[in-house]
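One file, entry.txt, carrying compact mmCIF, C-alpha atoms:
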```
# COMPACT_ATOMS: atom_id res chain seq x y z
CA MET A 1 -38.01 57.50 -19.76
CA ALA A 2 -40.75 57.62 -17.22
CA MET A 3 -40.55 56.28 -13.72
CA GLY A 4 -43.49 54.98 -11.85
CA THR A 5 -44.19 53.70 -8.40
CA ILE A 6 -44.53 50.01 -7.68
CA GLN A 7 -47.46 48.77 -5.67
CA ASN A 8 -46.75 45.98 -3.26
CA GLY A 9 -50.10 44.50 -2.32
CA GLY A 10 -51.36 46.73 0.43
CA GLY A 11 -48.10 48.47 1.24
CA ARG A 12 -47.58 52.19 1.25
CA ARG A 13 -47.82 53.92 -2.01
CA GLY A 14 -44.45 54.49 -3.69
CA PHE A 15 -42.55 52.17 -1.37
CA TYR A 16 -41.26 48.85 -2.63
CA ARG A 17 -40.54 46.30 0.03
CA PRO A 18 -38.94 43.14 -1.32
CA ARG A 19 -40.13 39.88 0.17
CA TYR A 20 -37.33 37.69 1.51
CA ARG A 21 -37.59 34.05 0.71
CA PRO A 22 -35.35 31.35 2.15
CA LEU A 23 -32.44 30.52 -0.14
CA ALA A 24 -32.75 26.91 -1.26
CA ASP A 25 -29.33 26.69 -2.94
CA ILE A 26 -26.34 25.09 -1.24
CA ASN A 27 -23.22 27.19 -1.24
CA VAL A 28 -20.32 24.84 -1.98
CA THR A 29 -17.63 27.50 -2.26
CA PRO A 30 -16.36 27.11 1.35
CA PHE A 31 -16.35 23.33 0.93
CA VAL A 32 -14.31 23.58 -2.27
CA ASP A 33 -11.88 26.01 -0.61
CA VAL A 34 -11.26 23.64 2.30
CA MET A 35 -10.82 20.64 -0.03
CA LEU A 36 -8.28 22.51 -2.17
CA VAL A 37 -6.27 23.50 0.90
CA LEU A 38 -6.28 19.90 2.15
CA LEU A 39 -5.25 18.64 -1.28
CA ILE A 40 -2.28 21.00 -1.34
CA VAL A 41 -1.25 20.03 2.20
CA PHE A 42 -1.34 16.30 1.35
CA MET A 43 0.49 16.83 -1.94
CA VAL A 44 3.30 18.62 -0.11
CA THR A 45 3.59 16.27 2.87
CA ALA A 46 3.15 12.85 1.20
CA PRO A 47 6.54 12.79 -0.59
CA LEU A 48 8.28 13.91 2.60
CA LEU A 49 6.99 10.87 4.50
CA THR A 50 8.62 8.31 2.19
CA VAL A 51 11.91 9.84 1.05
CA GLY A 52 15.24 9.55 2.80
CA VAL A 53 14.33 7.14 5.59
CA PRO A 54 17.19 4.72 6.32
CA VAL A 55 15.89 1.21 6.98
CA ASP A 56 17.56 -2.06 7.95
CA LEU A 57 15.27 -4.80 6.64
CA PRO A 58 17.12 -8.00 7.58
CA GLN A 59 16.29 -7.95 11.33
CA THR A 60 12.84 -8.16 12.90
CA LYS A 61 11.26 -8.74 16.29
CA ALA A 62 8.17 -10.43 14.85
CA ALA A 63 7.28 -13.85 16.14
CA SER A 64 7.80 -16.92 13.99
CA ILE A 65 4.87 -18.38 12.08
CA ASN A 66 3.93 -21.81 13.38
CA ASP A 67 2.25 -24.09 10.84
CA ASP A 68 2.18 -27.81 10.13
CA VAL A 69 2.82 -27.45 6.38
CA GLU A 70 6.46 -26.86 5.53
CA PRO A 71 6.88 -23.82 3.29
CA VAL A 72 9.09 -23.69 0.22
CA VAL A 73 12.14 -21.53 0.84
CA LEU A 74 13.78 -19.58 -1.98
CA SER A 75 17.23 -18.28 -1.05
CA ILE A 76 19.21 -15.63 -2.91
CA LYS A 77 22.94 -15.48 -2.24
CA ALA A 78 24.99 -12.28 -2.31
CA ASP A 79 26.18 -13.06 -5.85
CA GLY A 80 22.55 -13.34 -7.08
CA GLN A 81 22.40 -17.13 -7.32
CA ILE A 82 18.94 -18.56 -6.50
CA PHE A 83 18.20 -21.76 -4.57
CA ILE A 84 14.98 -23.69 -3.90
CA GLN A 85 15.66 -25.28 -0.53
CA GLU A 86 19.33 -26.32 -1.16
CA THR A 87 19.06 -26.86 -4.94
CA PRO A 88 20.41 -24.15 -7.28
CA ILE A 89 17.92 -22.97 -9.91
CA GLU A 90 17.65 -20.38 -12.67
CA LEU A 91 15.06 -17.58 -12.48
CA GLU A 92 13.10 -18.93 -15.47
CA ALA A 93 12.79 -22.39 -13.89
CA ILE A 94 11.27 -21.19 -10.60
CA ALA A 95 7.61 -21.24 -11.73
CA PRO A 96 7.63 -24.79 -13.18
CA ARG A 97 9.54 -26.15 -10.16
CA LEU A 98 7.09 -24.52 -7.71
CA ALA A 99 4.17 -25.92 -9.72
CA ALA A 100 5.70 -29.41 -9.46
CA ILE A 101 6.18 -29.03 -5.70
CA GLN A 102 2.61 -27.81 -5.36
CA GLU A 103 1.26 -30.83 -7.24
CA ALA A 104 3.43 -33.23 -5.26
CA ARG A 105 2.11 -31.85 -1.97
CA GLY A 106 -1.49 -31.89 -3.19
CA VAL A 107 -2.24 -28.24 -2.38
CA SER A 108 -3.42 -25.35 -4.53
CA ALA A 109 -1.17 -22.50 -5.61
CA GLU A 110 -2.99 -20.20 -3.18
CA GLN A 111 -2.27 -22.54 -0.25
CA LEU A 112 1.44 -23.14 -0.86
CA ARG A 113 3.57 -20.78 1.23
CA VAL A 114 6.78 -19.50 -0.35
CA PHE A 115 9.43 -17.78 1.77
CA VAL A 116 12.09 -15.65 0.08
CA ARG A 117 15.41 -15.24 1.88
CA GLY A 118 17.76 -12.63 0.51
CA ASP A 119 21.31 -11.96 1.59
CA GLN A 120 21.73 -8.58 3.26
CA ALA A 121 24.21 -7.49 0.57
CA ILE A 122 21.94 -8.47 -2.36
CA ASN A 123 20.45 -5.87 -4.66
CA TYR A 124 16.84 -5.21 -3.67
CA GLY A 125 15.83 -5.37 -7.34
CA ARG A 126 16.98 -8.98 -7.55
CA VAL A 127 14.79 -9.93 -4.57
CA MET A 128 11.81 -8.17 -6.14
CA GLU A 129 12.51 -9.93 -9.45
CA VAL A 130 12.31 -13.33 -7.73
CA MET A 131 9.17 -12.37 -5.79
CA GLY A 132 7.54 -11.07 -8.97
CA THR A 133 8.30 -14.34 -10.78
CA VAL A 134 6.71 -16.33 -7.96
CA SER A 135 3.67 -14.03 -7.84
CA VAL A 136 3.11 -14.14 -11.62
CA ALA A 137 3.19 -17.94 -11.43
CA GLY A 138 0.04 -17.75 -9.25
CA PHE A 139 1.49 -18.25 -5.78
CA THR A 140 -0.09 -15.64 -3.52
CA LYS A 141 1.37 -16.53 -0.11
CA VAL A 142 4.83 -15.07 -0.64
CA ALA A 143 6.77 -13.62 2.30
CA LEU A 144 10.22 -12.27 3.05
CA LEU A 145 12.29 -13.87 5.79
CA ALA A 146 14.52 -11.97 8.19
CA LYS A 147 16.67 -13.06 11.09
CA LEU A 148 15.63 -12.35 14.63
CA PRO A 149 18.02 -10.10 16.52
CA ASP A 150 20.00 -11.77 19.29
CA GLN A 151 19.27 -10.69 22.86
CA LYS A 152 22.52 -8.73 23.24
CA SER A 153 21.75 -6.38 20.35
CA ALA A 154 18.06 -6.12 21.33
CA ASP A 155 18.92 -5.04 24.89
CA GLY A 156 21.64 -2.68 23.75
CA ASN A 157 24.35 -4.49 25.77
```

Step by step, read the file and then write its structure as structure tokens.
Amino acid sequence: MAMGTIQNGGGRRGFYRPRYRPLADINVTPFVDVMLVLLIVFMVTAPLLTVGVPVDLPQTKAASINDDVEPVVLSIKADGQIFIQETPIELEAIAPRLAAIQEARGVSAEQLRVFVRGDQAINYGRVMEVMGTVSVAGFTKVALLAKLPDQKSADGN
């Protein structure tokens, strides 16, 4: 195998000098490395932010909502019995009764406000079952009610 010299347009004989051109490719390897590290960090920390936090939902310091239209109040007693205002009702009858109230008031399902009050001792699943039934019926303004803390417990006295 024979070896020869390479001429480089006016350069010295026998010397090859490569011409450097700017690299037009984007190197995404550092970007991918940083994204993978961030993904791992978020995957590890996200479950830790939501697990094992004791909460007491029934009390709040939020201000009351003032509105001219009286909302419909659904109450759930500690034994799981459901009431619309003061009238006992079965879970399956909630949607037709709310539709009748909505028609009687002359408002749309999106405008009728429904408040759900649940006893502090009630199973959270039962409250979510009632809220899901109301939501599936097309009523979008559904809220949970809580009692305001009295001044003595708020001040710590």

Padding of 8 Å on every side, edges along x, y and z, all listed atoms of region 97-106 of chain A included: what centre and edge lengths in Å, to one decimal, does that box have, as JSON?
```
{"center_x": 4.0, "center_y": -28.9, "center_z": -6.1, "size_x": 27.0, "size_y": 24.7, "size_z": 24.2}
```

Answer as a PDB file with C-alpha atoms, in the coordinates of the input, residues within 7 Å of (-2.5, -18.2, 0.6) using only C-alpha atoms:
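What ended up in part.pdb:
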```pdb
ATOM      1  CA  GLU A 110      -2.990 -20.200  -3.180  1.00  0.00           C
ATOM      2  CA  GLN A 111      -2.270 -22.540  -0.250  1.00  0.00           C
ATOM      3  CA  LEU A 112       1.440 -23.140  -0.860  1.00  0.00           C
ATOM      4  CA  ARG A 113       3.570 -20.780   1.230  1.00  0.00           C
ATOM      5  CA  THR A 140      -0.090 -15.640  -3.520  1.00  0.00           C
ATOM      6  CA  LYS A 141       1.370 -16.530  -0.110  1.00  0.00           C
TER       7      LYS A 141
END
```

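You will find CA of Arg117 (chain A) at 29.5 Å from CA of Pro47 (chain A).
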
Who sits within 12 Å of Phe139 (chain A), all atoms listed in the file, same chain under 4 positions skipped, as number ranges by chain:
A: 71-72, 94-96, 98-99, 101-102, 107-115, 131-135, 143

Dump of C-alpha atoms for the selected residues, as a compact mmCIF listing (two decimals), keeping the file's coordinate frame:
```txt
# COMPACT_ATOMS: atom_id res chain seq x y z
CA PRO A 71 6.88 -23.82 3.29
CA VAL A 72 9.09 -23.69 0.22
CA ILE A 94 11.27 -21.19 -10.60
CA ALA A 95 7.61 -21.24 -11.73
CA PRO A 96 7.63 -24.79 -13.18
CA LEU A 98 7.09 -24.52 -7.71
CA ALA A 99 4.17 -25.92 -9.72
CA ILE A 101 6.18 -29.03 -5.70
CA GLN A 102 2.61 -27.81 -5.36
CA VAL A 107 -2.24 -28.24 -2.38
CA SER A 108 -3.42 -25.35 -4.53
CA ALA A 109 -1.17 -22.50 -5.61
CA GLU A 110 -2.99 -20.20 -3.18
CA GLN A 111 -2.27 -22.54 -0.25
CA LEU A 112 1.44 -23.14 -0.86
CA ARG A 113 3.57 -20.78 1.23
CA VAL A 114 6.78 -19.50 -0.35
CA PHE A 115 9.43 -17.78 1.77
CA MET A 131 9.17 -12.37 -5.79
CA GLY A 132 7.54 -11.07 -8.97
CA THR A 133 8.30 -14.34 -10.78
CA VAL A 134 6.71 -16.33 -7.96
CA SER A 135 3.67 -14.03 -7.84
CA ALA A 143 6.77 -13.62 2.30
```

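Reported to one decimal place, the separation of CA of Gly80 (chain A) from CA of Tyr124 (chain A) is 10.5 Å.
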
Have a look at CA of Val142 (chain A) and CA of Ala78 (chain A) and let me know their distance in Å, one decimal.
20.4 Å

I'd like to know which of A:Gln85, A:Ala146, A:Val44, A:Asp33 is closest to Gln120 (chain A), using only C-alpha atoms.
A:Ala146

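Between Asn123 (chain A) and the residues A:Val41, A:Ile76, A:Ile89, A:Leu23, the shortest atom-to-atom distance, using only C-alpha atoms, involves A:Ile76.
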
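Nearest residue to Glu92 (chain A), choosing from A:Ile122, A:Ile26, A:Val136, A:Ala46 and counting only C-alpha atoms: A:Val136.
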
Tell me which protein, DNA and RNA residues are within 8 Å of Ile84 (chain A), counting only C-alpha atoms, leaving out same-chain ones fewer than 6 positions away, and put them as a list in words.
Val72, Val73, Leu74 and Ser75 of chain A

Got time to write the residues from that selection, C-alpha atoms, as a PDB file, in the frame of the given file?
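This went into result_11.pdb:
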```pdb
ATOM      1  CA  VAL A  72       9.090 -23.690   0.220  1.00  0.00           C
ATOM      2  CA  VAL A  73      12.140 -21.530   0.840  1.00  0.00           C
ATOM      3  CA  LEU A  74      13.780 -19.580  -1.980  1.00  0.00           C
ATOM      4  CA  SER A  75      17.230 -18.280  -1.050  1.00  0.00           C
TER       5      SER A  75
END
```

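Nearest-residue note for Asp79 (chain A): choosing from A:Gly118, A:Leu145, A:Arg19, A:Val37, the minimum distance belongs to A:Gly118, counting only C-alpha atoms.
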